[in-house]
Each structure stands twice: as C-alpha cells, then as structure tokens.
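Structure below is run.cif: mmCIF, C-alpha atoms.
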data_final
#
loop_
_atom_site.label_atom_id
_atom_site.label_comp_id
_atom_site.auth_asym_id
_atom_site.auth_seq_id
_atom_site.Cartn_x
_atom_site.Cartn_y
_atom_site.Cartn_z
CA MET A 1 29.15 -18.98 -22.52
CA ASP A 2 26.53 -18.41 -25.24
CA ASP A 3 24.10 -20.77 -23.47
CA ALA A 4 24.50 -18.83 -20.21
CA ARG A 5 24.03 -15.50 -22.00
CA ASN A 6 20.93 -16.79 -23.80
CA GLY A 7 19.53 -18.11 -20.52
CA ILE A 8 19.99 -14.74 -18.84
CA GLN A 9 18.35 -13.03 -21.82
CA VAL A 10 15.29 -15.31 -21.55
CA LEU A 11 15.02 -14.62 -17.80
CA THR A 12 15.25 -10.88 -18.41
CA ARG A 13 12.54 -11.00 -21.06
CA ALA A 14 10.30 -13.11 -18.82
CA ALA A 15 10.78 -10.63 -15.97
CA ASN A 16 9.94 -7.73 -18.29
CA ILE A 17 6.74 -9.49 -19.39
CA LEU A 18 5.71 -10.05 -15.77
CA ARG A 19 6.36 -6.40 -14.92
CA LEU A 20 4.34 -5.30 -17.94
CA LEU A 21 1.40 -7.49 -16.93
CA ARG A 22 1.66 -6.17 -13.39
CA ASP A 23 1.14 -2.66 -14.75
CA HIS A 24 -1.83 -3.78 -16.91
CA PRO A 25 -4.07 -5.82 -14.61
CA SER A 26 -6.86 -6.00 -17.22
CA GLY A 27 -4.51 -8.07 -19.41
CA LEU A 28 -2.63 -7.80 -22.70
CA SER A 29 -2.57 -9.88 -25.87
CA GLN A 30 0.59 -11.47 -27.24
CA ALA A 31 0.70 -8.78 -29.93
CA ASP A 32 0.41 -6.00 -27.32
CA ILE A 33 3.20 -7.50 -25.24
CA GLY A 34 5.50 -7.90 -28.22
CA GLU A 35 4.84 -4.36 -29.42
CA ARG A 36 5.38 -2.78 -26.01
CA LEU A 37 8.61 -4.71 -25.31
CA GLY A 38 9.97 -4.79 -28.85
CA LEU A 39 9.93 -8.59 -29.02
CA ALA A 40 9.00 -10.93 -31.86
CA ARG A 41 5.60 -12.55 -31.39
CA SER A 42 7.19 -16.03 -31.56
CA THR A 43 9.53 -15.09 -28.69
CA VAL A 44 6.64 -13.76 -26.62
CA SER A 45 4.62 -16.90 -27.32
CA ARG A 46 7.39 -19.26 -26.16
CA ILE A 47 7.95 -17.32 -22.94
CA LEU A 48 4.23 -17.06 -22.18
CA ILE A 49 3.75 -20.80 -22.69
CA ALA A 50 6.51 -21.49 -20.14
CA LEU A 51 5.19 -18.91 -17.66
CA GLU A 52 1.64 -20.23 -18.00
CA ALA A 53 2.79 -23.81 -17.35
CA GLU A 54 4.28 -22.65 -14.03
CA GLY A 55 1.23 -20.60 -13.06
CA PHE A 56 2.96 -17.23 -13.34
CA VAL A 57 0.55 -16.00 -16.03
CA GLY A 58 -2.93 -17.01 -17.11
CA ALA A 59 -4.86 -16.48 -20.35
CA LEU A 60 -8.57 -15.83 -20.79
CA GLY A 61 -8.49 -17.36 -24.28
CA PRO A 62 -6.15 -19.08 -26.76
CA ARG A 63 -4.47 -15.76 -27.58
CA GLY A 64 -5.08 -13.98 -24.32
CA PRO A 65 -5.43 -11.49 -22.95
CA TYR A 66 -2.76 -12.58 -20.50
CA ARG A 67 -2.72 -11.61 -16.85
CA LEU A 68 -0.56 -12.45 -13.88
CA GLY A 69 -1.35 -15.94 -12.65
CA PRO A 70 -2.12 -17.42 -9.21
CA GLU A 71 1.49 -18.35 -8.48
CA MET A 72 2.43 -14.66 -8.53
CA ALA A 73 -0.28 -13.93 -5.96
CA ARG A 74 0.97 -16.76 -3.73
CA MET A 75 4.55 -15.50 -3.93
CA ALA A 76 3.44 -11.92 -3.21
CA GLY A 77 1.43 -13.14 -0.21
CA ALA A 78 4.43 -15.02 1.17
CA ALA A 79 6.66 -11.97 0.73
CA ARG A 80 4.06 -9.78 2.47
CA ARG A 81 3.87 -12.16 5.44
CA ASP A 82 7.65 -12.18 5.72
CA ARG A 83 7.73 -8.39 5.76
CA LEU A 84 5.05 -8.23 8.45
CA VAL A 85 7.10 -10.58 10.62
CA GLU A 86 10.20 -8.42 10.04
CA LEU A 87 8.31 -5.24 10.81
CA ARG A 88 6.70 -6.34 14.08
CA PRO A 89 9.76 -5.68 16.33
CA ARG A 90 10.09 -2.17 14.89
CA LEU A 91 6.42 -1.47 15.57
CA GLU A 92 6.95 -2.60 19.16
CA THR A 93 9.95 -0.29 19.52
CA LEU A 94 7.99 2.66 18.14
CA SER A 95 5.12 1.93 20.51
CA ARG A 96 7.47 1.80 23.52
CA THR A 97 9.19 5.03 22.43
CA LEU A 98 5.93 6.96 22.10
CA ARG A 99 4.03 5.02 24.77
CA GLU A 100 1.15 4.89 22.32
CA THR A 101 -0.62 2.28 20.20
CA VAL A 102 0.85 1.68 16.73
CA ASP A 103 -1.20 0.29 13.83
CA LEU A 104 -0.17 -1.29 10.54
CA SER A 105 -2.59 -1.32 7.62
CA ARG A 106 -2.81 -1.62 3.85
CA LEU A 107 -5.22 -0.74 1.10
CA GLU A 108 -8.10 -3.21 0.69
CA GLY A 109 -10.38 -2.05 -2.11
CA ASP A 110 -11.55 1.43 -1.13
CA ARG A 111 -10.79 0.99 2.58
CA ALA A 112 -7.82 0.65 4.94
CA LEU A 113 -7.43 -2.84 6.41
CA PHE A 114 -5.73 -3.24 9.80
CA LEU A 115 -3.06 -5.93 9.57
CA ASP A 116 -1.34 -5.64 12.93
CA GLN A 117 -1.35 -3.55 16.09
CA VAL A 118 0.89 -2.98 19.10
CA VAL A 119 -1.26 -1.78 21.99
CA ALA A 120 0.12 0.92 24.29
CA ASP A 121 0.86 0.07 27.90
CA ARG A 122 -1.48 2.74 29.25
CA ARG A 123 -4.85 2.74 30.96
CA LEU A 124 -6.24 5.31 28.50
CA ARG A 125 -5.37 4.16 24.99
CA ALA A 126 -6.77 3.89 21.48
CA VAL A 127 -7.40 0.35 20.25
CA SER A 128 -8.84 -1.05 17.01
CA SER A 129 -9.37 -4.64 15.92
CA VAL A 130 -6.97 -6.38 13.53
CA GLY A 131 -8.99 -7.28 10.44
CA GLU A 132 -11.22 -4.23 10.79
CA THR A 133 -11.47 -1.78 7.87
CA PHE A 134 -11.81 2.00 7.89
CA PRO A 135 -12.84 4.51 5.21
CA LEU A 136 -9.94 6.24 3.52
CA HIS A 137 -11.14 9.83 3.83
CA SER A 138 -11.56 9.99 7.61
CA SER A 139 -8.56 8.20 9.15
CA ALA A 140 -4.84 9.00 9.20
CA ASN A 141 -3.83 5.64 7.76
CA GLY A 142 -6.63 5.90 5.20
CA LYS A 143 -5.71 9.39 4.07
CA VAL A 144 -2.05 8.57 3.63
CA LEU A 145 -3.06 5.55 1.50
CA LEU A 146 -5.56 7.67 -0.43
CA ALA A 147 -2.86 10.25 -1.18
CA SER A 148 -0.67 7.49 -2.67
CA LEU A 149 -3.25 6.39 -5.25
CA SER A 150 -3.20 7.32 -8.91
CA THR A 151 -5.22 10.42 -9.79
CA PRO A 152 -8.08 8.45 -11.46
CA ASP A 153 -8.44 6.08 -8.47
CA ARG A 154 -8.26 8.95 -5.99
CA GLU A 155 -10.84 11.00 -7.91
CA ARG A 156 -13.18 8.02 -8.13
CA ILE A 157 -13.18 7.74 -4.34
CA LEU A 158 -13.59 11.49 -3.84
CA ALA A 159 -16.55 11.47 -6.22
CA GLY A 160 -18.33 8.87 -4.08
CA HIS A 161 -20.19 9.29 -0.81
CA LEU A 162 -17.90 10.74 1.88
CA GLU A 163 -19.63 9.92 5.14
CA ALA A 164 -19.39 12.29 8.09
CA PHE A 165 -18.57 10.24 11.20
CA THR A 166 -18.06 13.26 13.45
CA ASP A 167 -18.45 17.02 13.18
CA SER A 168 -14.75 17.13 12.20
CA THR A 169 -14.89 14.70 9.27
CA ILE A 170 -13.86 16.37 6.01
CA THR A 171 -16.52 15.59 3.41
CA ASP A 172 -15.90 18.46 0.98
CA PRO A 173 -13.86 17.02 -1.95
CA VAL A 174 -12.18 20.38 -2.56
CA LEU A 175 -10.90 20.59 1.02
CA LEU A 176 -9.92 16.93 0.98
CA ARG A 177 -7.95 17.35 -2.25
CA ALA A 178 -5.99 20.21 -0.68
CA GLU A 179 -5.21 18.07 2.37
CA LEU A 180 -4.19 15.11 0.21
CA ALA A 181 -1.80 17.34 -1.74
CA GLU A 182 -0.18 18.37 1.54
CA ILE A 183 0.04 14.72 2.63
CA ALA A 184 1.73 13.85 -0.67
CA ARG A 185 4.21 16.67 -0.06
CA THR A 186 5.03 15.91 3.58
CA GLY A 187 4.38 12.17 3.79
CA ILE A 188 2.34 12.69 6.98
CA ALA A 189 -1.44 12.48 7.51
CA TYR A 190 -3.51 13.57 10.50
CA ASP A 191 -6.87 12.48 11.87
CA ARG A 192 -8.16 15.16 14.21
CA GLU A 193 -11.19 13.39 15.65
CA GLU A 194 -12.49 12.77 12.15
CA GLN A 195 -13.21 9.06 12.47
CA SER A 196 -14.14 8.94 16.16
CA SER A 197 -14.76 11.75 18.63
CA GLY A 198 -12.04 11.82 21.26
CA VAL A 199 -9.51 9.88 19.14
CA CYS A 200 -6.82 11.40 16.89
CA ALA A 201 -4.00 9.84 14.86
CA VAL A 202 -0.87 10.50 12.81
CA GLY A 203 0.07 8.28 9.85
CA THR A 204 2.73 7.74 7.21
CA LEU A 205 3.72 5.18 4.56
CA VAL A 206 6.46 2.65 4.07
CA LYS A 207 6.98 1.04 0.69
CA ALA A 208 7.10 -2.76 0.70
CA GLY A 209 7.97 -3.94 -2.79
CA HIS A 210 5.22 -2.55 -5.00
CA ASP A 211 2.82 -2.18 -2.08
CA PHE A 212 2.36 0.62 0.42
CA LEU A 213 1.80 -0.05 4.10
CA ALA A 214 0.45 2.62 6.42
CA ILE A 215 1.91 3.07 9.89
CA SER A 216 -0.35 5.08 12.17
CA VAL A 217 -0.39 6.13 15.81
CA PRO A 218 -3.92 6.52 17.23
CA ILE A 219 -4.05 8.62 20.38
CA PRO A 220 -6.73 9.83 22.78
CA ALA A 221 -7.41 13.46 21.93
CA SER A 222 -6.38 14.52 25.44
CA ARG A 223 -2.77 13.51 24.64
CA PHE A 224 -2.70 14.44 20.98
CA TYR A 225 -2.92 18.21 20.63
CA GLY A 226 0.51 19.78 21.02
CA ARG A 227 2.29 16.46 20.29
CA GLU A 228 1.46 16.17 16.58
CA LEU A 229 4.86 17.32 15.32
CA ASP A 230 6.79 15.09 17.72
CA ILE A 231 4.79 12.04 16.64
CA ALA A 232 5.23 12.96 12.98
CA ALA A 233 9.00 13.26 13.54
CA ALA A 234 9.06 9.80 15.15
CA LEU A 235 7.22 8.34 12.17
CA ARG A 236 9.64 9.96 9.71
CA THR A 237 12.55 8.45 11.65
CA PHE A 238 10.78 5.08 11.54
CA VAL A 239 10.55 5.26 7.75
CA GLU A 240 14.18 6.39 7.36
CA GLU A 241 15.40 3.49 9.53
CA THR A 242 13.24 0.88 7.82
CA ASP A 243 15.21 -1.12 5.26
CA TRP A 244 12.44 -0.86 2.65
CA GLY A 245 12.95 2.91 2.53
CA ALA A 246 10.54 5.78 2.00
CA PRO A 247 7.98 5.55 -0.80
CA GLU A 248 8.93 7.35 -4.00
#
This structure in structure tokens:
Amino acid sequence: MDDARNGIQVLTRAANILRLLRDHPSGLSQADIGERLGLARSTVSRILIALEAEGFVGALGPRGPYRLGPEMARMAGAARRDRLVELRPRLETLSRTLRETVDLSRLEGDRALFLDQVVADRRLRAVSSVGETFPLHSSANGKVLLASLSTPDRERILAGHLEAFTDSTITDPVLLRAELAEIARTGIAYDREEQSSGVCAVGTLVKAGHDFLAISVPIPASRFYGRELDIAAALRTFVEETDWGAPE
C-alpha cells in the first residue's frame, strides 16, 4: 500500500512540475521549481532526471533552466490531431445547418492559421485556403483569438502596425480595444468587410485542452447583414454542444 501511495505521490509531483514549466516557457531552475512547489531540491532533481530521460523536459545547462521537452510537443500534436478528427463531423453539421462555409483556425504566432474548412454547397460562397494565415485584428477568427490572449501579448500586437485591408478595417487601437472587450464579454467576434470587401464573418472559440480553436463562418456580405445574430446563436449552440466546453 505504501509503495502504491508513494508512486502516486511521485506522479502527482511530476505532473505539477510539467504544469509549472508549461506556465513558464522561458524555463525555471531546479531551485525555482522547488520553491514554487514546496519541494526539496533533491526531490525535484530526481524527478527532473527521470522526466529528462523520457524527453518530457529538457535543460539548457547542468542546472537548467528546465523547459518542456520534445516529447510533450509530440504528445500535444497527437492530441490536437485527434481533436481535429473528432471536430470535423460537427463542422460539417454546422455548415449544412447554416448553408455556409465553416472555418477552423488556431493562433500561429501573431496570426490566425486555417486548419480546416467545410465549404458551403452554394454557388456564391466564401472560401479560404487551409494553411493560409490571416492578421488577428481584421478577421472574425483572428479577433476572437486576439481577445483570448493575455493583456501583455494583446497590447504588444495592438502596439504594432495594424494594416488597413479595406475602408472598414479597424486600425485605431482604442476602438479595437473596446471591440475586444465586447468579444471577451460575449464570446462572439464579427468581421464586417474588414479583411476583404464583400466578405463578412462571425467567429467564436472552443477550448481544446490548453489551446483555443476559433470557429468562424465567412459569408458573402449580401447574405450577412440581418443574419448576424442568428449565426452567432448557432455558434453559441455549437460551443455548448461540443464536449470540450466553452473557454473559461
């Protein structure tokens, strides 16, 4: 019984170390880890040696700093692929319900990266390319991802060059901050011909583990105005019915 209890305790401590390193991507020393978790340095050292041998952590020097290792990235990538496979049928259902294109994207640096798309069965439709990236400030999926960032990361992007792609693109940081606050409150973002003239979109987030994925519905402007609230309601239902739940 004691061996089992000790084994569980070691696993718990290892998990806590991995979570701590996840929250400090620049790395932490053994002393920092022990101090933050209330563990003896010898205990931290033994666990780190085991985690490093399996590729779960890596050290920049003999005493660190320690960061998450390549095996964690491989496991996260596999989990992300599994979630994308699970999500595809729901994207198809949403597209059929709205009779519009549905996009899936995630944050990639300071841009939104398109991961998947279900194209609407209509002659006039909005289509992007999977693998393409969009600025965060001018697209519905980008704005909902931008609103989810920490304040320092969000302010860094707002302090940079905000390109005007159309006459409707919001490039004033003050106005954009106000819109991002509303997006954070409602969970819904709009693109009213801000990225491309004649194309609008509505977007929201789903939380997948520690990542956020943006679900957006791009629509020709001729079908968008007057339907915004209905599309937003459909996206909220999508999030509520997705097993991963709404982002906190």
Exercise. Could you spell out the hits of the PyMOL selection byres ((chain A and resi 172-184) around 12) on the shown file, as a PyMOL selection string?
Worked result: chain A and resi 136-138+140-151+154-164+168-171+185-191+202-205+232+247-248
Exercise. What does the distance between atom CA of A:Phe238 and atom CA of A:Arg88 come to in Å, to one decimal place?
Worked result: 12.4 Å
For this session: Report the distance between atom CA of A:Glu100 and atom CA of A:Val119 in Å, rounded to one decimal place.
Result: 7.1 Å
Exercise. What is the distance between atom CA of A:Ser29 and atom CA of A:Gly55, in Å to one decimal?
Worked result: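 A separation of 17.1 Å between them.
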Exercise. For A:Phe56, which residue among A:Leu39, A:Ile231, A:Arg122, A:Ile17 is the nearest when counting all atoms listed in the file?
Worked result: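 Looking only at the distances to A:Phe56, the closest residue turns out to be A:Ile17.
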Exercise. Using all atoms listed in the file, which of the listed residues (A:Gln30, A:Leu91, A:Ala14, A:Asp116) sits closest to A:Ser42?
Worked result: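 Distance minimum relative to A:Ser42 lands on A:Gln30.
Here, the PyMOL selection byres ((chain A and resi 223-230) around 9) matches Tyr190, Arg192, Val199, Cys200, Ala201, Val202, Pro218, Ile219, Pro220, Ala221, Ser222, Ile231, Ala232, Ala233, Ala234 and Leu235 of chain A.
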Exercise. If we count all atoms listed in the file, what is near A:Ser95 at a cut-off of 10 Å, once residues fewer than 4 positions away on the same chain are taken out, given as a list in words?
Worked result: Pro89, Arg90, Leu91, Arg99, Glu100, Thr101, Val102, Asp103, Gln117, Val118, Val119, Ala120, Asp121 and Val217 of chain A
